[in-house]
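Written below as structure tokens is the structure these notes are about.
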Amino acid sequence: MSALDRKLRRDLWRLRGQVVAIAFIVASGVGVLIMSLSSLEALRETAAAYYERYRFAEVFAEVKRAPRVLEAKVAQLPGVQAVETRIVEFAIIDVEGFGEPIIGQFVSLPERGQPVLNRLALRSGRWIAPDRVDEVIIGEPFAEAYGLKPGDSFEAVLKGNKRSLQIVGIALSPEFVYSIGPGALMPDDERFGPFWMGREALAAAYDLEDSFNNLVLSLLRGSDPNVVIERLDGLLEDYGGVGAYARKDQVSNWFIMNELEQLRSMSRILPTIFLAVAGFLTNMVLARLIAMERTEIGLLKAFGYSNLAVGWHYAKMVMVMAGLGVLLGWAVGYGLGQFNTQVYAEQFRFPFLLYRPGPGPFVIAAVVSLLAALIGAAGAVRGAVALAPAEAMRPPAPPSFRKGGLSDGRLSGLLDQPSRMILRQLVRWPLRAFLTSAGIAMAVAVMISSLQWLDSIDHMVEVNFFQAQHQDIMVGLVDAEQESVLREFENLPGVLAVEPQRIVTAVFRAGTRRHRGALNGILPDARLQPAYDSAGRVVPVPPSGLVLSTMLAEKLGVEPGDKVWVEILEGRRPNLAVPVTALFDTYIGMPAYMDLAALNRLLLEPRRVAYLDLLVDEAEQAALFAELKETPKVAAVMVRRAAVDTFHETLARTLMIFVSFFVAFGCSLAFGVAYNTARIALSERGRELATLRVLGFSRWEISYILLGEVGLTVLVGLPLGCLTGLGLTWLITSAFVTELYRIPLVIEPATYGLAVVIVLLAAGISGLLVRRRLDRLDLIAVLKTRE
């Protein structure tokens, strides 16, 4: 081992407190980066393997009713590899002990064996027997929600007929990885579930013998889904086709891809913050260390060590500090990545989990961390290299002091001697004090940007579920009915008001841009579920024209006054240009609204409704639910209160984990900055503080002088951190914009207060550790050292 390496080892041991603090901060950045990248990689790999193993379809289509002989024609379309025709219907489920109606999506299975596409992962039980018409396989999340198992039974209303069905198996499907019911935003396993039933039994229940109303395709490698979809739509048009769509638009897959996009955004922003602070701390420690080791640097050069050798010595010190953080971050990131992936896997319901991160995330994290630390310390290393031997061996010129405002005047009379010493130190080294405050500010900012997620989610729920919606229950009908159906529902128990809606699937086009989504037809004076702007105003729906969400308008590249081609994929499939009359902001989805009468005119089906918003007397909800379960016209029931509860529960499960992670990381930032500042100050001023003790200052007074300087910089950093946190939150919320969610920039005063308190506690703990070291200061040994 060379002399410089022995010196490096001694320096690292002497500075072990600062080394560990910097390593923890580097480990925070590395851990977050590896957690994000490895989780993203694992979820993508798991989804791809699941889709491939269970042959998830690539094109989906729905029709009103088509003969099974059409399957051969579909199979002959260029690019089609396999075809699976099915029967898919919604039904009302009644499980004993649960009062609300449950939505079930029934999907047909072949009488024998697995389907060609969208195969099931059978978790328990057996397949459906060919000669049994009352057997079903149910989704595993739904089964777990009610504790159901093979052999249990439940009741379902299939096209107006109540049937008792027996569970013979429990399964998962790639089609329902994100198992979400109609009109819902989050999976609710108590109120929606997939069910699989034999083809002949389901066809008999819905009068679809020798017919189908749904089909899925797989494509040959290299085939363009859009070309296949265009030809398929032409083939299905005469059978009431509602427009085929690719896998990317399939509901479950679309939700998964949006979640992964948010995870990718997190992997870009948050690790950058931690690594930037780590670089700043490394520079702060190394710059002060080099200033203290001027004489040693001069001696090294005088004995023949080159500038390169001296620079490499300090660069190695930086690399060791960062390297320790990288190793710790690898372990933390691997564990957090596995845990995070399992959380997502439980939410997405994969039958298996492939968490086997490759070297990529670890290499990226290591390289980025080392570069950040080296860049942060570059100025300090350059300063060490630039010192000439003769200049370095001479003590640095003392700073020029002059009489200032603290020496006399009113302020001098208000402050005691230790307080004036604290202020003089800060005034003489303003840049050093500012950098310390900036480090604390970053810790506060990380805290605020983490805790504000809870504020933003609460605000989203308030706007979307309470300000924009006033109905208690939304009922979906089996088929569009005449407006006279409103009177039937007005007479149901507890119903106080009823408003109609009609929601149809449509393709919106503007130039080369397109979007497949829902077009909502509502009353011009709708009160229960109007078009509502997140700014807090109801947007009137004109007699003709479209009211679009700003997100949809941006996707299509249109503004008010422009025309959008709207192709409605139901009924007679009208296709015409409609002017955009207004835009409105929304936090969830990309809705489009039109006057209900205008929508019915386009469809040439006047006075038709498909959904009903109900305002209900809470005291009579149980009686109403009982009636709805027995009503043949009802296909789906959505309860607003349940949607709110599910939204909170689902997000809380993931958000609280992330918030906890980043609060812990923010604490490590605050601790690292405060501890390093205090320890370096103690190293620099140890002789001065020992002298003050000999002159009669008490331990409390010299502790106050040292820690008061740190405390003052912490206090200055708190308001700066609040402002930085606001900017950082804006940056994060801007990056977390997807077609599914837009996170509002909302920070409650209590969030600022909690972030400040947490940072103060972390800084206080670091101060107590330095205070213990100060109490053990060896006065004789310190005073023997030369300046």
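Residue numbering restarts at 1 in every chain; chains get A, B, ... in the order shown in the structure tokens, and ligands count up from 1 in that same order.
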
Range 152-382 of chain A: which residues are helix (DSSP H, G or I) by DSSP, as a PyMOL selection string? chain A and resi 174-176+199-205+225-239+247-249+251-292+294-302+307-348+359-382

Env of Val639 in chain A: 8 Å cut, atoms = only C-alpha atoms, seq-sep filter 6 positions within chain, self excluded. Answer as a compact mmCIF listing (two decimals) with all heavy atoms, in the first residue's frame.
# COMPACT_ATOMS: atom_id res chain seq x y z
N ASP A 472 -76.19 9.68 -6.26
CA ASP A 472 -75.76 8.64 -5.33
C ASP A 472 -75.48 7.33 -6.05
O ASP A 472 -74.56 6.59 -5.69
CB ASP A 472 -76.84 8.41 -4.25
CG ASP A 472 -77.04 9.64 -3.39
OD1 ASP A 472 -76.05 10.11 -2.80
OD2 ASP A 472 -78.16 10.14 -3.32
N ILE A 473 -76.27 7.05 -7.08
CA ILE A 473 -76.16 5.79 -7.81
C ILE A 473 -76.29 6.09 -9.30
O ILE A 473 -77.08 6.94 -9.72
CB ILE A 473 -77.26 4.79 -7.38
CG1 ILE A 473 -77.09 4.43 -5.91
CG2 ILE A 473 -77.23 3.53 -8.23
CD1 ILE A 473 -78.24 3.60 -5.35
N MET A 474 -75.48 5.38 -10.09
CA MET A 474 -75.61 5.45 -11.55
C MET A 474 -75.97 4.05 -12.04
O MET A 474 -75.29 3.08 -11.73
CB MET A 474 -74.31 5.93 -12.18
CG MET A 474 -74.37 6.10 -13.68
SD MET A 474 -72.81 6.78 -14.32
CE MET A 474 -73.16 6.83 -16.07

Might you pull out every residue within 12 Å of Glu175 in chain A, with only C-alpha atoms counted and same-chain residues fewer than 2 positions away left off, and present them as an mmCIF file with C-alpha atoms, in the first residue's frame?
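To be explicit, this is the file written out as result-v2.cif:
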data_model
loop_
_atom_site.group_PDB
_atom_site.id
_atom_site.type_symbol
_atom_site.label_atom_id
_atom_site.label_comp_id
_atom_site.auth_asym_id
_atom_site.auth_seq_id
_atom_site.Cartn_x
_atom_site.Cartn_y
_atom_site.Cartn_z
ATOM 1 C CA ALA A 47 -46.737 -8.488 -18.266
ATOM 2 C CA TYR A 50 -48.045 -13.327 -18.971
ATOM 3 C CA TYR A 51 -49.473 -12.039 -22.235
ATOM 4 C CA TYR A 54 -51.626 -17.131 -21.943
ATOM 5 C CA ARG A 55 -51.971 -15.810 -25.507
ATOM 6 C CA PHE A 56 -53.439 -12.407 -24.809
ATOM 7 C CA ALA A 57 -55.239 -11.134 -27.914
ATOM 8 C CA GLU A 58 -53.943 -8.224 -29.986
ATOM 9 C CA VAL A 59 -57.235 -7.040 -31.508
ATOM 10 C CA PHE A 60 -60.672 -6.884 -29.857
ATOM 11 C CA GLN A 105 -68.917 -9.727 -16.781
ATOM 12 C CA VAL A 107 -67.317 -14.529 -20.873
ATOM 13 C CA LEU A 117 -56.787 -16.788 -27.020
ATOM 14 C CA ASN A 118 -57.022 -15.120 -23.601
ATOM 15 C CA ARG A 119 -56.393 -18.388 -21.813
ATOM 16 C CA LEU A 120 -57.073 -18.733 -18.111
ATOM 17 C CA ALA A 121 -54.574 -19.389 -15.348
ATOM 18 C CA GLY A 139 -61.924 -14.370 -10.998
ATOM 19 C CA ALA A 171 -58.791 -18.278 -12.287
ATOM 20 C CA LEU A 172 -56.855 -15.258 -13.501
ATOM 21 C CA SER A 173 -56.890 -13.904 -17.047
ATOM 22 C CA VAL A 177 -55.106 -7.990 -15.010
ATOM 23 C CA TYR A 178 -56.569 -4.641 -13.973
ATOM 24 C CA SER A 179 -60.076 -5.830 -13.178
ATOM 25 C CA ILE A 180 -62.193 -2.721 -13.544
ATOM 26 C CA GLY A 193 -65.692 -9.464 -11.203
ATOM 27 C CA PRO A 194 -65.153 -11.590 -14.337
ATOM 28 C CA PHE A 195 -67.009 -14.910 -14.696
ATOM 29 C CA VAL A 216 -60.540 -11.449 -30.373
ATOM 30 C CA ARG A 247 -54.432 -4.162 -27.439
ATOM 31 C CA ASP A 249 -56.731 0.479 -26.119
ATOM 32 C CA GLN A 250 -57.966 -2.557 -24.201
ATOM 33 C CA VAL A 251 -59.123 -1.308 -20.782
ATOM 34 C CA SER A 252 -56.960 -3.481 -18.539
ATOM 35 C CA ASN A 253 -53.803 -3.054 -20.613
ATOM 36 C CA TRP A 254 -54.391 0.690 -21.007
ATOM 37 C CA PHE A 255 -54.539 1.177 -17.237
ATOM 38 C CA ILE A 256 -51.380 -0.883 -16.751
ATOM 39 C CA PHE A 348 -52.497 -5.961 -11.157
ATOM 40 C CA ARG A 349 -53.079 -9.614 -10.202
ATOM 41 C CA PHE A 350 -50.414 -11.439 -12.154
#

Which residues come within 8 Å of Thr733 in chain A, counting only C-alpha atoms, excluding same-chain residues fewer than 3 positions away, as a PyMOL selection string? chain A and resi 729-730+736-737+742-745

Pick out the residues sitting within 12 Å of Arg132 in chain A, and hand them over as a ChimeraX atom specification; count only C-alpha atoms, and ignore anything fewer than 4 positions along from it in its own chain. /A:111-112,127-128,136,165-168,197-202

Would you list the contacts of Gln338 in chain A as a count of residues only, taking every protein, DNA or RNA residue within 12 Å and counting only C-alpha atoms, but skipping same-chain residues closer than 3 positions in sequence? 26

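Taking CA of Tyr611 in chain A and CA of Pro500 in chain A as endpoints, the distance between them is 5.9 Å.
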
Which polymer residues have any atom within 12 Å of an atom of Leu728 in chain A, counting only C-alpha atoms, with same-chain residues fewer than 2 positions away left out, as an NGL selection string? :A and (269-270 or 272-273 or 441-450 or 452 or 721-726 or 730-735 or 745 or 747)
